[in-house]
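Comments concern the structure below.
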Amino acid sequence: MDFIADGFIQAFKMLFAMDEETMNILLTTLRLTGVSMAGILLVGLPLGFLLGYFDFPGKRVIRTVVDTLLALPTVVIGLLVYAFISRRGPLGEWDLLFSVSGMAIGQVILGTPIVIAYTATAIEGLDSRLRLTLMTLGASGAKLALTSLWEARYLVLVAALTAFGRIIGEVGSAMMLGGNIKWHTRTITTAITLETGKGDFALGIALGVILILISLLLNISLSFLRRRTQN
Amino acid sequence: MRINKKSSIIALMLVVCMLAFGSLATAKAPVLRMATTTSTDNTGLLDYLAPILLKDTGIEIQWVSVGTGKALEYGRNGDVDVVLTHDPAAEDKFMADGAGANRRNVMYNDFVLVGPANDPAGVKGMPVTKAMATIAAKGQPLVSRADKSGTHSAELALLKKGGVKDFDKAKWYVQTGQGMLKTLNIAEERKGYALTDRGTFIKYQDTLKGKPGLVIICEGDADLLNRYSVMAVSPLKHANAKYDLALKYIDWITSSKVQKDIANFKVSGKQLFFPTAEIRSGH
């Protein structure tokens, strides 16, 4: 049992000493989630708005597809994206495999359905009179969309945070697409996998602590937002 | 006020995008991508060599460490520029298929059979093939990487030589499908035997810091030699592979200076790899 205690002690020492490797892993993770979240929001918000705001034939089918994608296993995403970005694949020229950009592609695919589904639900839940009011005031197109998204802002933020929570804790596609390259594509989750496999627990626990702290922060802000929406 | 809020959202999104994409565009030294085996990575050899490479040649190396089989597969796909592996038979095939170029010997170490200190199968000191056959006959756990790595190939060859058959579904044959250090940890948990390269085993013991774990059961057989070679990914198959960088790397790692560096690499005061670049590959 002492290796667990040792691990925690060493973990906190590493955290406070700003151990270079730990910091690099943390920064890589933040960089990756930053790129991914930008992609997820840029794709997910407009699509979510369209899906929630307009009625069109086939809407229910699309809704079902999006809901199914919510449960897509991360290793399947990893496999598919790998096939595309391997130098042998159709996007091979772009040199995306084993890079943060390649990992981000996987995470965008992972997180976007979450944002689409939650945003659509949020927009659907808006008071229908809002649309009429906005149109009476002469709003249209992007302005209409932005105002509606703004009205649904707390739920949209919950959508974004949920997507963030899913991608930051994800290991399957990160491992396959990033290759766990030290100083470059090693993230918190892939590093924990590696260190546990090596029987080297300190770094694993240090990173685990960081991940738990991030989840905690996320949860606190989520419940804060929920309360604000309900009021 | 509403307009202000909306523009603040837009501004926020712009900032996020700028942060995200700005971080992608950082200037870099030429990057060489290598696929290699878990043994060279787990022992720390690559961490030790990478800064020397950067200093000597200005090349930054990034490596993915997987089993030899997968490393060669990455080479075949052109997902890396150079491979460093230890399975002569699989490497012969890689070269014969035209997937690789300029194969050179780099170093060797040896395999050892490790197991629980109390040696439940009673095979200590036997020739390794006989030891493995005895372990099989007694149904003691033999933990295999089973991941088409160089070590896995060597283990299969030894089992074949020892006349062990039908082990794939045998209860005593534990197939982990994972890297060497992981497999050693699983062997320790299961009180089983495992074939490993000596370098990784020294690293494993070093991590344990004197706590009891697996010990060496068989060593020193001629059957246990473990040769590493380096190969460039063929520029004929993959025009976008960085062949010139790969050649520079191969020249560098086989140079007498770096060969000395490899000999000087030690864990717990023990030499892990023995240079062999001066011996031309026999193929």
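Order determines the names: the first chain of the structure tokens is A, the second B, and so forth; residues in each chain are numbered 1 upward, and ligands are numbered 1 upward as they are shown.
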
- Using only C-alpha atoms, find which residues of chain A lie within 6 Å of chain B and jot them down as a VMD selection string. chain A and resid 34 to 35 38 86 to 88 179 181 197 to 198

Contact residues around segment 41-52 of chain A with only C-alpha atoms at 9 Å, ignoring same-chain residues under 3 positions, as a PDB file with N, CA and C atoms, in the first residue's frame:
ATOM      1  N   SER A  36      -9.687  21.951 -29.762  1.00  0.00           N
ATOM      2  CA  SER A  36     -10.881  21.130 -29.962  1.00  0.00           C
ATOM      3  C   SER A  36     -12.141  21.915 -29.648  1.00  0.00           C
ATOM      4  N   MET A  37     -12.136  22.645 -28.513  1.00  0.00           N
ATOM      5  CA  MET A  37     -13.340  23.380 -28.126  1.00  0.00           C
ATOM      6  C   MET A  37     -13.678  24.447 -29.167  1.00  0.00           C
ATOM      7  N   ALA A  38     -12.647  25.114 -29.706  1.00  0.00           N
ATOM      8  CA  ALA A  38     -12.903  26.112 -30.750  1.00  0.00           C
ATOM      9  C   ALA A  38     -13.619  25.444 -31.918  1.00  0.00           C
ATOM     10  N   ASP A  55     -38.072  24.058 -38.518  1.00  0.00           N
ATOM     11  CA  ASP A  55     -38.755  22.794 -38.780  1.00  0.00           C
ATOM     12  C   ASP A  55     -38.533  22.437 -40.242  1.00  0.00           C
ATOM     13  N   PHE A  56     -38.072  21.244 -40.488  1.00  0.00           N
ATOM     14  CA  PHE A  56     -37.855  20.842 -41.880  1.00  0.00           C
ATOM     15  C   PHE A  56     -38.021  19.333 -41.962  1.00  0.00           C
ATOM     16  N   LYS A  59     -36.078  16.210 -39.972  1.00  0.00           N
ATOM     17  CA  LYS A  59     -35.503  16.747 -38.749  1.00  0.00           C
ATOM     18  C   LYS A  59     -35.364  15.655 -37.685  1.00  0.00           C
ATOM     19  N   ILE A  62     -32.425  13.365 -38.357  1.00  0.00           N
ATOM     20  CA  ILE A  62     -31.154  14.004 -38.018  1.00  0.00           C
ATOM     21  C   ILE A  62     -30.960  14.012 -36.505  1.00  0.00           C
ATOM     22  N   ARG A  63     -32.055  14.295 -35.802  1.00  0.00           N
ATOM     23  CA  ARG A  63     -32.013  14.327 -34.344  1.00  0.00           C
ATOM     24  C   ARG A  63     -31.565  12.963 -33.789  1.00  0.00           C
ATOM     25  N   VAL A 108     -13.011  16.824 -31.884  1.00  0.00           N
ATOM     26  CA  VAL A 108     -14.099  17.630 -32.443  1.00  0.00           C
ATOM     27  C   VAL A 108     -15.255  16.704 -32.824  1.00  0.00           C
ATOM     28  N   GLY A 111     -16.929  15.725 -29.571  1.00  0.00           N
ATOM     29  CA  GLY A 111     -17.644  16.737 -28.780  1.00  0.00           C
ATOM     30  C   GLY A 111     -18.769  17.449 -29.512  1.00  0.00           C
ATOM     31  N   THR A 112     -18.655  17.525 -30.850  1.00  0.00           N
ATOM     32  CA  THR A 112     -19.636  18.302 -31.600  1.00  0.00           C
ATOM     33  C   THR A 112     -21.084  17.808 -31.424  1.00  0.00           C
ATOM     34  N   PRO A 113     -21.333  16.490 -31.507  1.00  0.00           N
ATOM     35  CA  PRO A 113     -22.726  16.037 -31.323  1.00  0.00           C
ATOM     36  C   PRO A 113     -23.308  16.481 -29.977  1.00  0.00           C
ATOM     37  N   ILE A 114     -22.458  16.532 -28.942  1.00  0.00           N
ATOM     38  CA  ILE A 114     -22.950  16.960 -27.629  1.00  0.00           C
ATOM     39  C   ILE A 114     -23.461  18.390 -27.711  1.00  0.00           C
ATOM     40  N   VAL A 115     -22.640  19.270 -28.314  1.00  0.00           N
ATOM     41  CA  VAL A 115     -23.033  20.676 -28.408  1.00  0.00           C
ATOM     42  C   VAL A 115     -24.253  20.835 -29.307  1.00  0.00           C
ATOM     43  N   ILE A 116     -24.289  20.090 -30.431  1.00  0.00           N
ATOM     44  CA  ILE A 116     -25.452  20.190 -31.328  1.00  0.00           C
ATOM     45  C   ILE A 116     -26.734  19.784 -30.580  1.00  0.00           C
ATOM     46  N   ALA A 117     -26.692  18.617 -29.941  1.00  0.00           N
ATOM     47  CA  ALA A 117     -27.902  18.100 -29.301  1.00  0.00           C
ATOM     48  C   ALA A 117     -28.389  19.023 -28.184  1.00  0.00           C
ATOM     49  N   TYR A 118     -27.463  19.440 -27.306  1.00  0.00           N
ATOM     50  CA  TYR A 118     -27.861  20.280 -26.171  1.00  0.00           C
ATOM     51  C   TYR A 118     -28.313  21.668 -26.626  1.00  0.00           C
ATOM     52  N   THR A 119     -27.597  22.227 -27.632  1.00  0.00           N
ATOM     53  CA  THR A 119     -27.978  23.548 -28.110  1.00  0.00           C
ATOM     54  C   THR A 119     -29.360  23.492 -28.755  1.00  0.00           C
ATOM     55  N   ALA A 120     -29.594  22.438 -29.568  1.00  0.00           N
ATOM     56  CA  ALA A 120     -30.901  22.308 -30.217  1.00  0.00           C
ATOM     57  C   ALA A 120     -32.005  22.254 -29.163  1.00  0.00           C
ATOM     58  N   THR A 121     -31.792  21.454 -28.119  1.00  0.00           N
ATOM     59  CA  THR A 121     -32.792  21.355 -27.061  1.00  0.00           C
ATOM     60  C   THR A 121     -33.007  22.709 -26.393  1.00  0.00           C
ATOM     61  N   ALA A 122     -31.907  23.419 -26.157  1.00  0.00           N
ATOM     62  CA  ALA A 122     -32.012  24.720 -25.499  1.00  0.00           C
ATOM     63  C   ALA A 122     -32.811  25.701 -26.353  1.00  0.00           C
ATOM     64  N   ILE A 123     -32.524  25.702 -27.653  1.00  0.00           N
ATOM     65  CA  ILE A 123     -33.213  26.634 -28.562  1.00  0.00           C
ATOM     66  C   ILE A 123     -34.692  26.274 -28.666  1.00  0.00           C
ATOM     67  N   GLU A 124     -34.964  24.953 -28.729  1.00  0.00           N
ATOM     68  CA  GLU A 124     -36.363  24.510 -28.788  1.00  0.00           C
ATOM     69  C   GLU A 124     -37.144  24.970 -27.560  1.00  0.00           C
ATOM     70  N   GLY A 125     -36.447  25.026 -26.438  1.00  0.00           N
ATOM     71  CA  GLY A 125     -37.102  25.378 -25.180  1.00  0.00           C
ATOM     72  C   GLY A 125     -37.380  26.864 -25.032  1.00  0.00           C
ATOM     73  N   ALA A 145     -30.017  34.396 -34.921  1.00  0.00           N
ATOM     74  CA  ALA A 145     -29.363  33.238 -34.309  1.00  0.00           C
ATOM     75  C   ALA A 145     -28.626  33.644 -33.041  1.00  0.00           C
ATOM     76  N   SER A 148     -30.965  34.490 -30.195  1.00  0.00           N
ATOM     77  CA  SER A 148     -31.572  33.285 -29.633  1.00  0.00           C
ATOM     78  C   SER A 148     -30.562  32.528 -28.777  1.00  0.00           C
ATOM     79  N   LEU A 149     -29.342  32.392 -29.293  1.00  0.00           N
ATOM     80  CA  LEU A 149     -28.293  31.696 -28.530  1.00  0.00           C
ATOM     81  C   LEU A 149     -28.024  32.435 -27.224  1.00  0.00           C
ATOM     82  N   VAL A 156     -26.560  26.665 -23.258  1.00  0.00           N
ATOM     83  CA  VAL A 156     -25.508  26.516 -24.268  1.00  0.00           C
ATOM     84  C   VAL A 156     -24.152  26.332 -23.579  1.00  0.00           C
ATOM     85  N   ALA A 160     -21.415  23.318 -23.753  1.00  0.00           N
ATOM     86  CA  ALA A 160     -19.979  23.458 -23.996  1.00  0.00           C
ATOM     87  C   ALA A 160     -19.170  22.768 -22.895  1.00  0.00           C
TER      88      ALA A 160
ATOM     89  N   MET B  13     -15.294  34.336 -28.668  1.00  0.00           N
ATOM     90  CA  MET B  13     -15.071  33.232 -29.587  1.00  0.00           C
ATOM     91  C   MET B  13     -13.852  33.482 -30.447  1.00  0.00           C
TER      92      MET B  13
END

Extract, using only C-alpha atoms, all DNA, RNA and protein residues at most 7 Å from segment 90-102 of chain A, discarding same-chain residues fewer than 4 positions from it, and format them as a PDB file with N, CA and C atoms, in the first residue's frame.
ATOM      1  N   LEU A  32      -4.614  21.197 -26.577  1.00  0.00           N
ATOM      2  CA  LEU A  32      -5.477  20.305 -27.350  1.00  0.00           C
ATOM      3  C   LEU A  32      -6.950  20.620 -27.110  1.00  0.00           C
ATOM      4  N   PHE A  84      -8.137   7.916 -41.975  1.00  0.00           N
ATOM      5  CA  PHE A  84      -8.162   9.065 -42.873  1.00  0.00           C
ATOM      6  C   PHE A  84      -6.860   9.852 -42.878  1.00  0.00           C
ATOM      7  N   ILE A  85      -6.220   9.989 -41.719  1.00  0.00           N
ATOM      8  CA  ILE A  85      -5.067  10.898 -41.669  1.00  0.00           C
ATOM      9  C   ILE A  85      -3.738  10.179 -41.734  1.00  0.00           C
ATOM     10  N   SER A  86      -3.733   8.835 -41.744  1.00  0.00           N
ATOM     11  CA  SER A  86      -2.492   8.107 -41.980  1.00  0.00           C
ATOM     12  C   SER A  86      -1.965   8.515 -43.351  1.00  0.00           C
ATOM     13  N   GLY A 106     -10.175  14.187 -33.867  1.00  0.00           N
ATOM     14  CA  GLY A 106     -10.929  13.154 -33.159  1.00  0.00           C
ATOM     15  C   GLY A 106     -11.825  13.756 -32.094  1.00  0.00           C
ATOM     16  N   LEU A 177      -4.388   8.593 -32.106  1.00  0.00           N
ATOM     17  CA  LEU A 177      -4.092   9.654 -33.068  1.00  0.00           C
ATOM     18  C   LEU A 177      -2.855  10.448 -32.670  1.00  0.00           C
ATOM     19  N   GLY A 178      -2.584  10.519 -31.363  1.00  0.00           N
ATOM     20  CA  GLY A 178      -1.434  11.305 -30.916  1.00  0.00           C
ATOM     21  C   GLY A 178      -0.179  10.472 -30.754  1.00  0.00           C
ATOM     22  N   GLY A 179      -0.353   9.184 -30.494  1.00  0.00           N
ATOM     23  CA  GLY A 179       0.812   8.316 -30.332  1.00  0.00           C
ATOM     24  C   GLY A 179       1.539   8.511 -29.012  1.00  0.00           C
ATOM     25  N   THR A 185       2.718  15.130 -27.896  1.00  0.00           N
ATOM     26  CA  THR A 185       1.301  14.771 -27.926  1.00  0.00           C
ATOM     27  C   THR A 185       0.903  13.994 -26.681  1.00  0.00           C
TER      28      THR A 185
END

For the interface of segment 17-122 of chain B with segment 263-274 of chain B (cut-off 10 Å, counting only C-alpha atoms), please tabulate each contacting residue of segment 17-122 of chain B alongside its nearest pair of atoms and their separation in Å to one decimal, rows sorted by chain and increasing number, as a Markdown table.
| residue | atom | partner | partner_atom | distance |
| --- | --- | --- | --- | --- |
| B:Thr40 | CA | B:Phe273 | CA | 9.4 |
| B:Thr43 | CA | B:Val267 | CA | 7.9 |
| B:Gly44 | CA | B:Val267 | CA | 8.6 |
| B:Leu45 | CA | B:Phe265 | CA | 7.0 |
| B:Tyr48 | CA | B:Phe265 | CA | 7.7 |
| B:Leu49 | CA | B:Phe265 | CA | 9.1 |
| B:Val106 | CA | B:Phe274 | CA | 8.5 |
| B:Met107 | CA | B:Phe274 | CA | 5.2 |
| B:Tyr108 | CA | B:Phe274 | CA | 5.2 |
| B:Asn109 | CA | B:Phe273 | CA | 5.2 |
| B:Asp110 | CA | B:Phe273 | CA | 8.7 |

Keeping only N, CA, C and O atoms, take the residues you just selected and write them out as a PDB file, in the first residue's frame.
ATOM      1  N   THR B  40      13.242   0.361 -26.178  1.00  0.00           N
ATOM      2  CA  THR B  40      14.154   1.500 -26.280  1.00  0.00           C
ATOM      3  C   THR B  40      13.590   2.724 -25.559  1.00  0.00           C
ATOM      4  O   THR B  40      14.335   3.541 -25.049  1.00  0.00           O
ATOM      5  N   THR B  43      13.268   2.032 -21.316  1.00  0.00           N
ATOM      6  CA  THR B  43      14.542   2.056 -20.601  1.00  0.00           C
ATOM      7  C   THR B  43      15.069   3.478 -20.442  1.00  0.00           C
ATOM      8  O   THR B  43      15.965   3.712 -19.641  1.00  0.00           O
ATOM      9  N   GLY B  44      14.539   4.418 -21.229  1.00  0.00           N
ATOM     10  CA  GLY B  44      15.021   5.798 -21.146  1.00  0.00           C
ATOM     11  C   GLY B  44      16.123   6.096 -22.146  1.00  0.00           C
ATOM     12  O   GLY B  44      16.640   7.209 -22.200  1.00  0.00           O
ATOM     13  N   LEU B  45      16.495   5.110 -22.977  1.00  0.00           N
ATOM     14  CA  LEU B  45      17.574   5.316 -23.948  1.00  0.00           C
ATOM     15  C   LEU B  45      17.261   6.469 -24.903  1.00  0.00           C
ATOM     16  O   LEU B  45      18.122   7.294 -25.195  1.00  0.00           O
ATOM     17  N   TYR B  48      17.571   9.811 -23.496  1.00  0.00           N
ATOM     18  CA  TYR B  48      18.987  10.112 -23.312  1.00  0.00           C
ATOM     19  C   TYR B  48      19.620  10.540 -24.631  1.00  0.00           C
ATOM     20  O   TYR B  48      20.439  11.451 -24.680  1.00  0.00           O
ATOM     21  N   LEU B  49      19.207   9.898 -25.743  1.00  0.00           N
ATOM     22  CA  LEU B  49      19.816  10.181 -27.046  1.00  0.00           C
ATOM     23  C   LEU B  49      19.240  11.422 -27.729  1.00  0.00           C
ATOM     24  O   LEU B  49      19.946  12.102 -28.462  1.00  0.00           O
ATOM     25  N   VAL B 106      22.353  -1.650 -35.071  1.00  0.00           N
ATOM     26  CA  VAL B 106      22.607  -0.553 -34.138  1.00  0.00           C
ATOM     27  C   VAL B 106      23.207  -1.077 -32.834  1.00  0.00           C
ATOM     28  O   VAL B 106      24.244  -0.593 -32.373  1.00  0.00           O
ATOM     29  N   MET B 107      22.590  -2.086 -32.281  1.00  0.00           N
ATOM     30  CA  MET B 107      23.031  -2.543 -30.960  1.00  0.00           C
ATOM     31  C   MET B 107      22.372  -3.881 -30.651  1.00  0.00           C
ATOM     32  O   MET B 107      21.485  -4.332 -31.382  1.00  0.00           O
ATOM     33  N   TYR B 108      22.823  -4.503 -29.589  1.00  0.00           N
ATOM     34  CA  TYR B 108      22.115  -5.692 -29.127  1.00  0.00           C
ATOM     35  C   TYR B 108      22.057  -5.659 -27.614  1.00  0.00           C
ATOM     36  O   TYR B 108      22.810  -4.951 -26.947  1.00  0.00           O
ATOM     37  N   ASN B 109      21.114  -6.395 -27.082  1.00  0.00           N
ATOM     38  CA  ASN B 109      21.220  -6.797 -25.686  1.00  0.00           C
ATOM     39  C   ASN B 109      20.681  -8.214 -25.670  1.00  0.00           C
ATOM     40  O   ASN B 109      20.683  -8.871 -26.708  1.00  0.00           O
ATOM     41  N   ASP B 110      20.290  -8.747 -24.557  1.00  0.00           N
ATOM     42  CA  ASP B 110      19.803 -10.117 -24.610  1.00  0.00           C
ATOM     43  C   ASP B 110      18.464 -10.225 -23.915  1.00  0.00           C
ATOM     44  O   ASP B 110      18.069  -9.377 -23.120  1.00  0.00           O
TER      45      ASP B 110
END

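Straight-line separation from atom CA of Val230 of chain B to atom CA of Lys182 of chain A: 20.5 Å.
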
- Query: If you run DSSP on this backbone, which residues of segment 104-139 of chain A come out as alpha helix (DSSP H), and could you give them as a VMD selection string?
  - Reply: chain A and resid 104 to 124 128 to 136

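If you count only C-alpha atoms and ignore residues fewer than 5 places along the chain from segment 10-17 of chain A, what sits within 9 Å of it is A:Ala5, A:Thr22, A:Met23, A:Phe201, A:Ala202, A:Leu203, A:Gly204, A:Ile205, A:Ala206, A:Leu207, A:Val209, A:Ile210.
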
What are the closest atom pairs, with distances in Å to one decimal, for all residues of segment 211-268 of chain B lying within 10 Å of segment 120-134 of chain B? Consider only C-alpha atoms, order rows by chain and residue number, and present the result as JSON lines.
{"residue": "B:Ile216", "atom": "CA", "partner": "B:Lys124", "partner_atom": "CA", "distance": 8.4}
{"residue": "B:Ile217", "atom": "CA", "partner": "B:Lys124", "partner_atom": "CA", "distance": 4.8}
{"residue": "B:Cys218", "atom": "CA", "partner": "B:Gly125", "partner_atom": "CA", "distance": 5.3}
{"residue": "B:Glu219", "atom": "CA", "partner": "B:Val128", "partner_atom": "CA", "distance": 7.4}
{"residue": "B:Gly220", "atom": "CA", "partner": "B:Pro127", "partner_atom": "CA", "distance": 8.8}
{"residue": "B:Asp221", "atom": "CA", "partner": "B:Pro127", "partner_atom": "CA", "distance": 6.6}
{"residue": "B:Ala222", "atom": "CA", "partner": "B:Pro127", "partner_atom": "CA", "distance": 9.5}
{"residue": "B:Asp223", "atom": "CA", "partner": "B:Val128", "partner_atom": "CA", "distance": 7.7}
{"residue": "B:Leu224", "atom": "CA", "partner": "B:Val128", "partner_atom": "CA", "distance": 8.0}

Write a file of the selected residues as a tab-separated table (two decimals), in the first residue's frame, keeping N, CA, C and O atoms.
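After the write, selection-v7.tsv holds the following:
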chain	number	residue	atom	x	y	z
B	216	ILE	N	15.53	-12.95	-12.43
B	216	ILE	CA	15.97	-13.66	-13.63
B	216	ILE	C	16.03	-15.15	-13.35
B	216	ILE	O	16.61	-15.59	-12.36
B	217	ILE	N	15.40	-15.94	-14.21
B	217	ILE	CA	15.36	-17.39	-14.05
B	217	ILE	C	16.34	-18.05	-15.03
B	217	ILE	O	17.07	-18.96	-14.66
B	218	CYS	N	16.34	-17.60	-16.28
B	218	CYS	CA	17.26	-18.15	-17.28
B	218	CYS	C	17.92	-17.01	-18.03
B	218	CYS	O	17.26	-16.04	-18.40
B	219	GLU	N	19.23	-17.14	-18.29
B	219	GLU	CA	19.93	-16.13	-19.07
B	219	GLU	C	21.16	-16.73	-19.71
B	219	GLU	O	21.58	-17.83	-19.35
B	220	GLY	N	21.71	-15.99	-20.68
B	220	GLY	CA	23.01	-16.37	-21.23
B	220	GLY	C	22.99	-17.39	-22.36
B	220	GLY	O	24.05	-17.71	-22.91
B	221	ASP	N	21.82	-17.93	-22.71
B	221	ASP	CA	21.74	-18.84	-23.85
B	221	ASP	C	22.06	-18.13	-25.16
B	221	ASP	O	21.76	-16.96	-25.29
B	222	ALA	N	22.58	-18.90	-26.12
B	222	ALA	CA	22.77	-18.32	-27.46
B	222	ALA	C	21.41	-17.97	-28.07
B	222	ALA	O	21.29	-17.05	-28.88
B	223	ASP	N	20.37	-18.72	-27.65
B	223	ASP	CA	19.03	-18.47	-28.17
B	223	ASP	C	18.48	-17.11	-27.75
B	223	ASP	O	17.42	-16.69	-28.23
B	224	LEU	N	19.13	-16.46	-26.81
B	224	LEU	CA	18.53	-15.27	-26.19
B	224	LEU	C	19.08	-13.94	-26.71
B	224	LEU	O	18.81	-12.90	-26.14

- Could you pull the residues within 10 Å of Lys70 of chain B, counting only C-alpha atoms, minus those fewer than 6 positions along the same chain, as a ChimeraX atom specification? /B:35-37,76,147-149

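Residue nearest Leu217 of chain A within the list A:Leu130, A:Tyr82, A:Gly165, A:Ile105: A:Gly165 [criterion: smallest interatomic distance, only C-alpha atoms].
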
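Atom pair atom CA of Glu155 of chain B / atom CA of Ile262 of chain B: separated by 25.5 Å.
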
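Residues of segment 72-177 of chain B assigned to strand (DSSP E or B) by DSSP on this structure's backbone: Val82, Val83, Leu84, Thr85, Gly100, Ala101, Asn102, Arg103, Arg104, Asn105, Val106, Met107, Tyr108, Asn109, Asp110, Phe111, Val112, Leu113, Val114, Gly115, Pro116, Leu142, Val143, Ser144, Tyr173, Val174 and Gln175 of chain B.
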
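Here atom CA of Ser229 of chain B stands at a distance of 24.8 Å from atom CA of Leu194 of chain A.
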
- Task: Within 9 Å of Arg186 of chain A, counting only C-alpha atoms, which residues show up once you throw out same-chain ones fewer than 4 positions away? Write them as a PyMOL selection string, please.
- Result: chain A and resi 24-26+28-29+174-175+178-182+190-191

- Task: Can you pull out every residue within 9 Å of Leu142 of chain B, counting only C-alpha atoms, but drop anything in the same chain fewer than 3 positions away, and send it as a ChimeraX atom specification?
- Result: /B:115,132,135-136,139,172-175,187,192-195
